[in-house]
Amino acid sequence: MKKILIVIVITITFLSCSKSNTDKVQSSVNTYLKEKLKNYSSYKSISFSPLDSIKDVNNQKSKDSLFYGITHFYTITNSDNEDIKMTVSFFLDKNFKVLKTYPESINGGYGSMTGNVFWKYNEFVGNRADTGAEVVLYSTDTIRKGLKYTAKVDLQGKYKFDKVLSGNYFLVVRSENTTECPEDHIEMLGLYANELKVVFGFDLIKYKKQLDEINKLHNLYLDILIDEDSDKYGGISNQIAKYSKLDNQVRDKSAKLIESFPEDFKSKIKMYSSYGNSYDFSSIAIIENKNIDEISDFGLTCL
C-alpha cells in the first residue's frame with residue numbers, strides 16, 4: 001500500500017513539474033479573465049500566440065528581470081449585448097502573475113476619440129483649421145480586419161469619434177489644405193511601415209535598396225549643411241550649391257520611389273502624387289470609457 005501511495009505522489013509531482021511555461025501562462029491568463037471580465041460567462045477562447053520570454057531592459061542583471069508575454073484572441077459579449085472579437089496582450093512576472101494587459105480594455109467596451117487638425121497659412125497669419133481633412137481610424141487587430149471609422153474635420157478644425165471599440169488602431173489624417181514634399185512622405189511611411197503592412201498589405205521593406213540610397217544622400221546632405229568649415233568646399237557659395245544639389249537628388253529619388261508604389265496601395269491611402277496631400281500617422285490605443293485626444297499640425301505646405 002505504501003508503495004502505491006509513493007508511486008501516486010511521484011506521478012502527481014511529475015505531472016505538475018512537467019507542465020510547460022506556456023500551459024502555466026495560459027492558465028494564469030484564464031484565471032485573470034475569470035476574475036476581471038464583466039461577463040465571463042460569454043467568454044470564448046479562440047487562440048493564443050506563441051509565448052515570449054522578455055528581458056526587463058532596466059533590470060537585466062536580476063533574476064527577476066525575466067517575464068512573459070502572450071497575446072490572446074477571444075470573443076466576449078459586451079454591455080451593448082454585442083459579440084466582440086478581442087486581441088489582448090498579457091504580460092506576466094516570473095511567477096506567472098499577470099502584471100498588465102495591452103490594451104488595458106478587456107471587456108469589448110467602447111471608448112471615444114477627439115482631435116484637432118490645423119496648418120500654418122503663413123508666418124504672419126499663423127495657424128488655420130484644416131477644414132475638410134479626412135480622418136480614418138483603422139483597426140490593427142488581426143481578427144477585426146476591415147474595421148474602420150471615418151470622419152471629416154469641421155470649420156473649427158475638430159473631429160470626433162463618439163463610439164469606438166476598444167483596441168489598437170492606426171490613425172491616418174489626410175490634410176485638405178497642405179501638400180507634402182516627396183522626401184517627407186517617405187519619412188512618414190518609413191516610421192509606420194509595420195502599420196501600413198498590417199492595414200494595407202503594403203511592404204515598404206521591399207524597397208530597402210532605394211530607401212538606403214535616399215538615406216545615404218540625405219545624411220550626406222545634412223553633414224555638408226551643418227559643416228562650419230566652408231573652405232573645404234571652396235567657399236560658402238560652393239558649399240550651398242553642393243548641399244542644394246544633394247537635397248534635389250533626395251527629392252527626385254523620393255518622388256520616383258513613390259511613383260513606383262503599387263497603384264492599389266496609393267489608391268487606398270489616396271496618395272495620388274509624390275507631391276500630394278500631407279499625412280499624419282499615429283498608433284492609437286482606444287480604452288473603454290475613456291476619450292483619446294489627438295492633435296495634427298501640418299505646418300506650412302510644401303507647394
# chains A, B, ... in the order shown; residues from 1 in each chain; ligands from 1
call {"tool": "select_by_dssp", "arguments": {"residues": "region 140-256 of chain A", "states": "strand (DSSP E or B)", "output": "ChimeraX atom specification"}}
result
/A:148-152,158-165,167-179
call {"tool": "residues_around", "arguments": {"residues": "region 79-85 of chain A", "least_positions_apart": "6", "cutoff": "10 Å", "atoms": "only C-alpha atoms", "output": "list in words"}}
result
Lys38, Asn39, Ser42, Tyr43, Lys44, Ser45, Ile46, Phe73, Asn107, Gly108, Gly109, Tyr110, Asp141, Thr142, Ile143, Arg144, Leu165, Ser166 and Gly167 of chain A
call {"tool": "select_by_dssp", "arguments": {"residues": "region 121-207 of chain A", "states": "alpha helix (DSSP H)", "output": "PyMOL selection string"}}
result
chain A and resi 182-191+193-200
call {"tool": "write_last_selection", "arguments": {"atoms": "N, CA and C atoms", "output": "short mmCIF file (atom, residue, chain, number, x, y, z; two decimals), in the first residue's frame"}}
result
data_model
loop_
_atom_site.label_atom_id
_atom_site.label_comp_id
_atom_site.auth_asym_id
_atom_site.auth_seq_id
_atom_site.Cartn_x
_atom_site.Cartn_y
_atom_site.Cartn_z
N PRO A 182 8.09 64.98 -51.43
CA PRO A 182 8.27 63.54 -51.54
C PRO A 182 9.10 62.91 -50.43
N GLU A 183 10.22 63.58 -50.06
CA GLU A 183 11.08 63.00 -49.01
C GLU A 183 10.38 62.95 -47.66
N ASP A 184 9.46 63.88 -47.42
CA ASP A 184 8.70 63.87 -46.17
C ASP A 184 7.66 62.75 -46.18
N HIS A 185 7.08 62.49 -47.35
CA HIS A 185 6.18 61.34 -47.49
C HIS A 185 6.93 60.05 -47.14
N ILE A 186 8.13 59.90 -47.70
CA ILE A 186 8.91 58.69 -47.48
C ILE A 186 9.26 58.53 -46.00
N GLU A 187 9.63 59.62 -45.36
CA GLU A 187 9.97 59.56 -43.94
C GLU A 187 8.77 59.09 -43.11
N MET A 188 7.60 59.66 -43.39
CA MET A 188 6.40 59.29 -42.65
C MET A 188 6.02 57.83 -42.88
N LEU A 189 6.10 57.39 -44.12
CA LEU A 189 5.80 56.00 -44.44
C LEU A 189 6.76 55.05 -43.74
N GLY A 190 8.03 55.44 -43.67
CA GLY A 190 9.03 54.60 -43.01
C GLY A 190 8.79 54.44 -41.52
N LEU A 191 8.33 55.50 -40.88
CA LEU A 191 8.08 55.46 -39.44
C LEU A 191 6.93 54.51 -39.09
N ALA A 193 5.89 51.75 -41.10
CA ALA A 193 5.92 50.66 -42.08
C ALA A 193 5.15 49.44 -41.59
N ASN A 194 5.26 49.12 -40.31
CA ASN A 194 4.55 47.95 -39.77
C ASN A 194 3.04 48.12 -39.87
N GLU A 195 2.54 49.29 -39.47
CA GLU A 195 1.11 49.54 -39.52
C GLU A 195 0.58 49.53 -40.96
N LEU A 196 1.37 50.07 -41.88
CA LEU A 196 0.97 50.08 -43.29
C LEU A 196 0.86 48.67 -43.85
N LYS A 197 1.74 47.79 -43.39
CA LYS A 197 1.70 46.40 -43.85
C LYS A 197 0.48 45.69 -43.29
N VAL A 198 0.17 45.93 -42.01
CA VAL A 198 -0.98 45.29 -41.37
C VAL A 198 -2.30 45.75 -42.00
N VAL A 199 -2.43 47.06 -42.20
CA VAL A 199 -3.71 47.62 -42.65
C VAL A 199 -3.89 47.51 -44.16
N PHE A 200 -2.83 47.82 -44.92
CA PHE A 200 -2.97 47.89 -46.37
C PHE A 200 -2.24 46.77 -47.12
#
call {"tool": "residues_around", "arguments": {"residues": "Tyr169 (chain A)", "least_positions_apart": "5", "cutoff": "10 Å", "atoms": "only C-alpha atoms", "output": "number ranges by chain"}}
result
A: 136-141, 147-149, 195, 199, 282-286
call {"tool": "residues_around", "arguments": {"residues": "region 261-267 of chain A", "least_positions_apart": "6", "cutoff": "10 Å", "atoms": "only C-alpha atoms", "output": "ChimeraX atom specification"}}
result
/A:196,200-204,207,273
call {"tool": "closest_residue", "arguments": {"among": "A:Glu134, A:Asp280, A:Glu228, A:Asp154", "to": "Glu180 (chain A)", "atoms": "only C-alpha atoms"}}
result
A:Asp280
call {"tool": "closest_residue", "arguments": {"among": "A:Asn238, A:Asn219, A:Gln210, A:Thr71", "to": "Ser47 (chain A)", "atoms": "only C-alpha atoms"}}
result
A:Thr71
call {"tool": "closest_residue", "arguments": {"among": "A:Val164, A:Ile76, A:Ile70, A:Met86", "to": "Glu288 (chain A)", "atoms": "only C-alpha atoms"}}
result
A:Val164
call {"tool": "residues_around", "arguments": {"residues": "Ile224 (chain A)", "least_positions_apart": "2", "cutoff": "8 Å", "atoms": "only C-alpha atoms", "output": "JSON, numbers by chain"}}
result
{"A": [220, 221, 222, 226, 227, 239, 242, 243]}
call {"tool": "write_last_selection", "arguments": {"atoms": "C-alpha atoms", "output": "PDB file, in the first residue's frame"}}
result
ATOM      1  CA  LEU A 220      25.497  63.421 -46.719  1.00  0.00           C
ATOM      2  CA  TYR A 221      23.291  66.479 -47.289  1.00  0.00           C
ATOM      3  CA  LEU A 222      22.988  67.032 -43.533  1.00  0.00           C
ATOM      4  CA  ILE A 226      25.931  71.796 -40.789  1.00  0.00           C
ATOM      5  CA  ASP A 227      29.632  71.812 -41.623  1.00  0.00           C
ATOM      6  CA  GLN A 239      29.004  74.597 -50.025  1.00  0.00           C
ATOM      7  CA  LYS A 242      26.720  71.148 -53.043  1.00  0.00           C
ATOM      8  CA  TYR A 243      24.131  70.509 -50.358  1.00  0.00           C
TER       9      TYR A 243
END
call {"tool": "atom_distance", "arguments": {"atom1": "CA of Leu51 (chain A)", "atom2": "CA of Leu92 (chain A)"}}
result
10.8 Å
call {"tool": "residues_around", "arguments": {"residues": "region 297-302 of chain A", "least_positions_apart": "5", "cutoff": "6 Å", "atoms": "only C-alpha atoms", "output": "VMD selection string"}}
result
chain A and resid 118 to 120 178 to 181
call {"tool": "closest_atom_pairs", "arguments": {"of": "region 47-115 of chain A", "to": "region 30-35 of chain A", "cutoff": "10 Å", "atoms": "only C-alpha atoms", "output": "CSV"}}
result
residue,atom,partner,partner_atom,distance
A:His72,CA,A:Asn30,CA,9.8
A:Phe90,CA,A:Tyr32,CA,9.8
A:Lys97,CA,A:Tyr32,CA,8.7
A:Val98,CA,A:Tyr32,CA,7.1
A:Ile106,CA,A:Leu33,CA,8.2
A:Asn107,CA,A:Leu33,CA,9.4
call {"tool": "write_last_selection", "arguments": {"atoms": "N, CA and C atoms", "output": "PDB file, in the first residue's frame"}}
result
ATOM      1  N   HIS A  72      -3.635  36.921 -26.610  1.00  0.00           N
ATOM      2  CA  HIS A  72      -4.802  36.038 -26.572  1.00  0.00           C
ATOM      3  C   HIS A  72      -5.916  36.607 -27.449  1.00  0.00           C
ATOM      4  N   PHE A  90      -0.952  39.955 -22.853  1.00  0.00           N
ATOM      5  CA  PHE A  90      -0.813  39.835 -21.402  1.00  0.00           C
ATOM      6  C   PHE A  90       0.671  39.731 -21.056  1.00  0.00           C
ATOM      7  N   LYS A  97       2.250  35.628 -12.737  1.00  0.00           N
ATOM      8  CA  LYS A  97       1.173  36.520 -12.337  1.00  0.00           C
ATOM      9  C   LYS A  97       1.016  37.604 -13.397  1.00  0.00           C
ATOM     10  N   VAL A  98      -0.219  37.850 -13.834  1.00  0.00           N
ATOM     11  CA  VAL A  98      -0.474  38.886 -14.838  1.00  0.00           C
ATOM     12  C   VAL A  98      -0.214  40.260 -14.231  1.00  0.00           C
ATOM     13  N   ILE A 106     -10.389  44.975 -21.714  1.00  0.00           N
ATOM     14  CA  ILE A 106     -10.524  43.539 -21.991  1.00  0.00           C
ATOM     15  C   ILE A 106     -11.982  43.112 -22.146  1.00  0.00           C
ATOM     16  N   ASN A 107     -12.924  44.056 -21.969  1.00  0.00           N
ATOM     17  CA  ASN A 107     -14.340  43.701 -21.945  1.00  0.00           C
ATOM     18  C   ASN A 107     -15.097  43.984 -23.233  1.00  0.00           C
TER      19      ASN A 107
END
